[in-house]
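Input: a single structure, listed below in structure tokens.
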Amino acid sequence: MKYNFDEVVNRRNTYSLKWDGESLIKEMGFTKRYDEETIPLFTADMDLPVPQPLIDALHKTVDHRIYGYSVFPDEYYEAILYWFKKRHDWEIKKEEIVYSPGTVHALHAAVRAFTEQGDGIIIQRPVYPPFTSVIEGNGRRVVNNALTCDSNGYYAIDFADFEAKAKDESTKMFILCNPHNPTGRIFTSEELQKLADICARNKVLIIADEIHGDLIRQDQTFVPIAKAVDDAKQIITCTAINKTFNTAGLHCTNVIIPNPENRDRFKQEIGMNLPSPFTIAALIAVYREGEEWLEQAKAYIDDTMAYVKSFLAERMPKVKVRISEGTYVMWMDFSGYGLSPEDVHERIYHKANVILEDGSMFGEEGLPYQRICIPSPRPIITEALERIVKEFEDVNHLNSPKEECAR
């Protein structure tokens with residue numbers, strides 16, 4: 001069927017974090033202003049209706065009228081194996097799959113299971129903020145292998161720095177984000193193999209967050225790191241339906257752990273997590289019947305990214321932004337305005353009444369940036385951009401964009 005992603009579905013008064021979470025949003029420090037006119041584009045979920053087969057499956061579950069403790073049927077595991085073999089040519093075994101109610105929940109468990117207090121864990125900033133919190137919140141130490149950025153806004157891995165930090169005997173783990181959030185990089189097979197080789201030589205366990213792996217541009221290819229290497233025994237991969245099919249509220253992460261010893265250790269740490277019957281029905285439906293919707297959603301997101309880039313080039317040329325290779329986020333560099341991050345924040349969040357995410361949340365490397373999540377109907381994106389450009393009109397003629405990304 002043909003989906004209409006331009007349709008604006010009112011999400012207010014539906015328990016939505018981004019549209020109804022005023023008190024939490026203010027408590028988290030995103031903004032001091034939040035009202036009925038606020039446009040929230042900060043959190044990584046979509047404002048696009050989900051696939052019809054998913055709706056049908058959930059209706060069927062509702063109609064049963066009993067929602068008791070549930071267990072995973074073989075069909076659940078078969079759907080996972082089917083999806084990753086078909087979409088990524090990645091062969092997973094049923095016994096390698098461990099359920100978690102969320103990816104951040106799984107990261108906490110992995111940090112506790114495989115490292116000790118004071119151990120170093122490598123991350124690559126600017127990166128998804130909970131990577132820092134799962135490390136520091138569990139008494140471990142952040143080891144930052146900052147990505148490098150060229151004058152075109154293209155991010156790359158500093159392998160010399162990565163290897164030097166992996167060689168430190170106190171470094172025990174590397175949390176990989178691929179596709180990378182917020183830069184949108186999809187790391188190549190060669191890059192992944194090189195990272196894995198360094199980690200293998202230095203006995204550093206890799207935890208790969210690949211939950212954006214299905215949301216890539218139509219001209220791009222994503223390769224799971226466990227498929228890119230010859231031996232994946234020291235790799236643990238987090239997969240999920242929540243980003244791909246807009247089901248974050250259904251709590252469904254599947255952690256792929258090939259090494260039986262690591263799997264047992266992880267299971268012991270994470271404990272028993274029983275699924276909701278809605279979670280089971282959702283995964284089976286989307287992995288079996290969701291491809292048509294996904295291809296249309298990807299095309300729509302690609303067009304929206306092209307629209308945002310074109311809009312900014314014409315109306316706010318001092319803002320530098322690339323079409324990301326993967327994810328549905330865009331990483332906007334405001335350094336060309338010569339304004340402080342606080343001033344940029346004031347203009348966007350308080351005056352324009354649009355909520356994005358300050359780049360500083362992703363590490364000091366993100367200070368001049370704003371992250372925008374764009375999987376919303378285009379009329380919403382247009383309104384947000386029009387509001388933002390209005391608040392920068394007084395400085396549009398001043399200063400010139402810097403030629404290099406801020407370090």
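As shown in the structure tokens, the chain order sets the letters A, B, ...; within each chain, residues go from 1, and ligands are also counted from 1 in the order they appear.
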Within 12 Å of stretch 334-348 of chain A using only C-alpha atoms, minus same-chain residues under 5 positions, as a ChimeraX atom specification: /A:29-33,38-41,153,312,316-321,353-361,364,366-372,384-407
Those in stretch 215-330 of chain A with alpha helix (DSSP H) from DSSP, as an NGL selection string: :A and (225-228 or 242-245 or 260-270 or 277-289 or 291-315)
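Proximity to A:Asn273 was assessed for A:Lys167, A:Arg141, A:His251, A:Lys18 counting only C-alpha atoms; the smallest distance is recorded for A:His251.
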Selected residue, from A:Phe362, A:Tyr69, A:Tyr307, A:Tyr128, that lies nearest to A:His180 when counting only C-alpha atoms: A:Tyr128
Would you tabulate, counting only C-alpha atoms, all residues of stretch 94-123 of chain A that have an atom at most 8 Å from an atom of stretch 268-271 of chain A, showing the closest pair of atoms and their distance in Å to one decimal, sorted by chain then ascending number, as CSV?
residue,atom,partner,partner_atom,distance
A:Ser100,CA,A:Ile270,CA,7.9
A:Ala106,CA,A:Ile270,CA,7.3
A:Ala109,CA,A:Ile270,CA,5.4
A:Ala110,CA,A:Glu269,CA,7.8
A:Arg112,CA,A:Glu269,CA,7.3
A:Ala113,CA,A:Glu269,CA,5.8
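Of the residues listed (A:Gln296, A:Asn138, A:Ser133, A:Thr148), A:Thr148 shows the shortest atom-to-atom separation from A:Thr183; distances use only C-alpha atoms.
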Expected answer as an MDAnalysis selection string: strand (DSSP E or B) residues in stretch 76-247 of chain A: chainID A and resid 97:100 120:123 141:144 148:149 155:156 171:177 205:209 216 235:240
Exercise: A:Arg378 partners within 9 Å, only C-alpha atoms, chain neighbours under 4 positions left out, as JSON, numbers by chain: {"A": [5, 6, 7, 8, 304, 307, 374, 382, 383]}
Once you have the residues from the selection above, write them out as a CSV table (one decimal), in the first residue's frame, restricted to N, CA, C and O atoms.
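Output below, filename out.csv:
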chain,number,residue,atom,x,y,z
A,5,PHE,N,3.1,10.1,4.2
A,5,PHE,CA,3.9,10.6,5.3
A,5,PHE,C,3.8,12.1,5.5
A,5,PHE,O,4.3,12.6,6.4
A,6,ASP,N,3.1,12.8,4.5
A,6,ASP,CA,2.9,14.2,4.7
A,6,ASP,C,1.7,14.5,5.7
A,6,ASP,O,1.6,15.6,6.2
A,7,GLU,N,1.0,13.4,6.0
A,7,GLU,CA,-0.1,13.6,6.9
A,7,GLU,C,0.4,13.9,8.3
A,7,GLU,O,1.3,13.2,8.9
A,8,VAL,N,-0.1,15.0,8.9
A,8,VAL,CA,0.3,15.4,10.3
A,8,VAL,C,-0.7,14.7,11.3
A,8,VAL,O,-1.9,15.0,11.3
A,304,THR,N,13.4,14.4,2.6
A,304,THR,CA,13.4,15.5,3.6
A,304,THR,C,14.8,16.0,3.9
A,304,THR,O,15.0,17.2,4.1
A,307,TYR,N,15.7,18.3,1.3
A,307,TYR,CA,15.0,19.5,1.4
A,307,TYR,C,15.6,20.4,2.5
A,307,TYR,O,15.8,21.6,2.3
A,374,ILE,N,14.7,14.5,11.8
A,374,ILE,CA,13.8,14.9,10.7
A,374,ILE,C,12.8,14.0,10.3
A,374,ILE,O,12.1,14.3,9.3
A,382,THR,N,9.2,22.2,7.7
A,382,THR,CA,9.2,23.5,7.1
A,382,THR,C,8.9,24.6,8.1
A,382,THR,O,9.6,25.6,8.2
A,383,GLU,N,7.9,24.4,8.9
A,383,GLU,CA,7.5,25.4,9.9
A,383,GLU,C,8.6,25.6,10.9
A,383,GLU,O,9.0,26.8,11.3
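Take the candidates A:Phe245, A:Tyr15, A:Phe174, A:Tyr99 and check each one against A:Tyr77 using only C-alpha atoms; the shortest distance goes to A:Tyr99.
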Could the residues of stretch 239-317 of chain A that have an atom at most 9 Å from stretch 214-222 of chain A be listed as a tab-separated table, each with its closest atom pair and the distance in Å to one decimal, counting only C-alpha atoms and ordered by chain and ascending residue number?
residue	atom	partner	partner_atom	distance
A:Lys243	CA	A:Leu215	CA	7.8
A:Thr244	CA	A:Asp214	CA	6.0
A:Leu294	CA	A:Leu215	CA	8.4
A:Glu295	CA	A:Gln218	CA	8.5
A:Ala297	CA	A:Leu215	CA	8.9
A:Lys298	CA	A:Leu215	CA	6.6
A:Ala299	CA	A:Gln218	CA	7.1
A:Ile301	CA	A:Arg217	CA	8.4
A:Asp302	CA	A:Arg217	CA	6.3
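For the atom pair formed by atom CA of A:Tyr155 and atom CA of A:Ile207, the distance is 20.6 Å, given to one decimal.
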Interatomic distance (Å, one decimal) between atom CA of A:His59 and atom CA of A:Phe278: 9.4 Å
All residues 7 Å or closer to stretch 287-292 of chain A, only C-alpha atoms, same chain fewer than 2 positions away omitted, as an NGL selection string: :A and (51 or 53 or 79-80 or 83 or 283-285 or 294-296)
Residues as selected, N, CA and C atoms, written as an mmCIF file, in the first residue's frame, can you do that?
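Produced file again.cif, reproduced below:
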data_model
loop_
_atom_site.group_PDB
_atom_site.id
_atom_site.type_symbol
_atom_site.label_atom_id
_atom_site.label_comp_id
_atom_site.auth_asym_id
_atom_site.auth_seq_id
_atom_site.Cartn_x
_atom_site.Cartn_y
_atom_site.Cartn_z
ATOM 1 N N PRO A 51 3.703 0.871 9.949
ATOM 2 C CA PRO A 51 3.186 -0.004 8.896
ATOM 3 C C PRO A 51 1.812 -0.582 9.244
ATOM 4 N N PRO A 53 0.614 -3.594 8.552
ATOM 5 C CA PRO A 53 0.680 -4.933 9.161
ATOM 6 C C PRO A 53 0.945 -4.889 10.662
ATOM 7 N N ALA A 79 11.662 -14.721 12.671
ATOM 8 C CA ALA A 79 11.504 -13.425 12.015
ATOM 9 C C ALA A 79 12.802 -12.619 12.069
ATOM 10 N N ILE A 80 13.504 -12.685 13.206
ATOM 11 C CA ILE A 80 14.791 -11.984 13.338
ATOM 12 C C ILE A 80 15.808 -12.562 12.356
ATOM 13 N N TRP A 83 14.963 -11.513 8.766
ATOM 14 C CA TRP A 83 15.200 -10.106 8.453
ATOM 15 C C TRP A 83 16.680 -9.823 8.203
ATOM 16 N N LEU A 283 7.210 -7.280 16.525
ATOM 17 C CA LEU A 283 8.430 -7.686 15.832
ATOM 18 C C LEU A 283 8.124 -8.658 14.698
ATOM 19 N N ILE A 284 7.297 -9.639 14.958
ATOM 20 C CA ILE A 284 6.965 -10.609 13.911
ATOM 21 C C ILE A 284 6.335 -9.905 12.716
ATOM 22 N N ALA A 285 5.438 -8.963 12.982
ATOM 23 C CA ALA A 285 4.748 -8.266 11.896
ATOM 24 C C ALA A 285 5.697 -7.428 11.056
ATOM 25 N N LEU A 294 9.059 0.334 4.986
ATOM 26 C CA LEU A 294 10.406 0.839 5.253
ATOM 27 C C LEU A 294 10.995 1.506 4.018
ATOM 28 N N GLU A 295 10.822 0.906 2.870
ATOM 29 C CA GLU A 295 11.380 1.501 1.655
ATOM 30 C C GLU A 295 10.731 2.850 1.362
ATOM 31 N N GLN A 296 9.431 2.963 1.599
ATOM 32 C CA GLN A 296 8.764 4.247 1.402
ATOM 33 C C GLN A 296 9.224 5.270 2.440
#
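Of the listed residues (A:Pro224, A:Gly102, A:Gly120, A:Pro130), A:Pro224 comes nearest to A:Lys85; the distances count only C-alpha atoms.
Of the residues listed (A:Asp264, A:Arg185, A:Glu365, A:Leu176), A:Arg185 shows the shortest atom-to-atom separation from A:Tyr154; distances use only C-alpha atoms.
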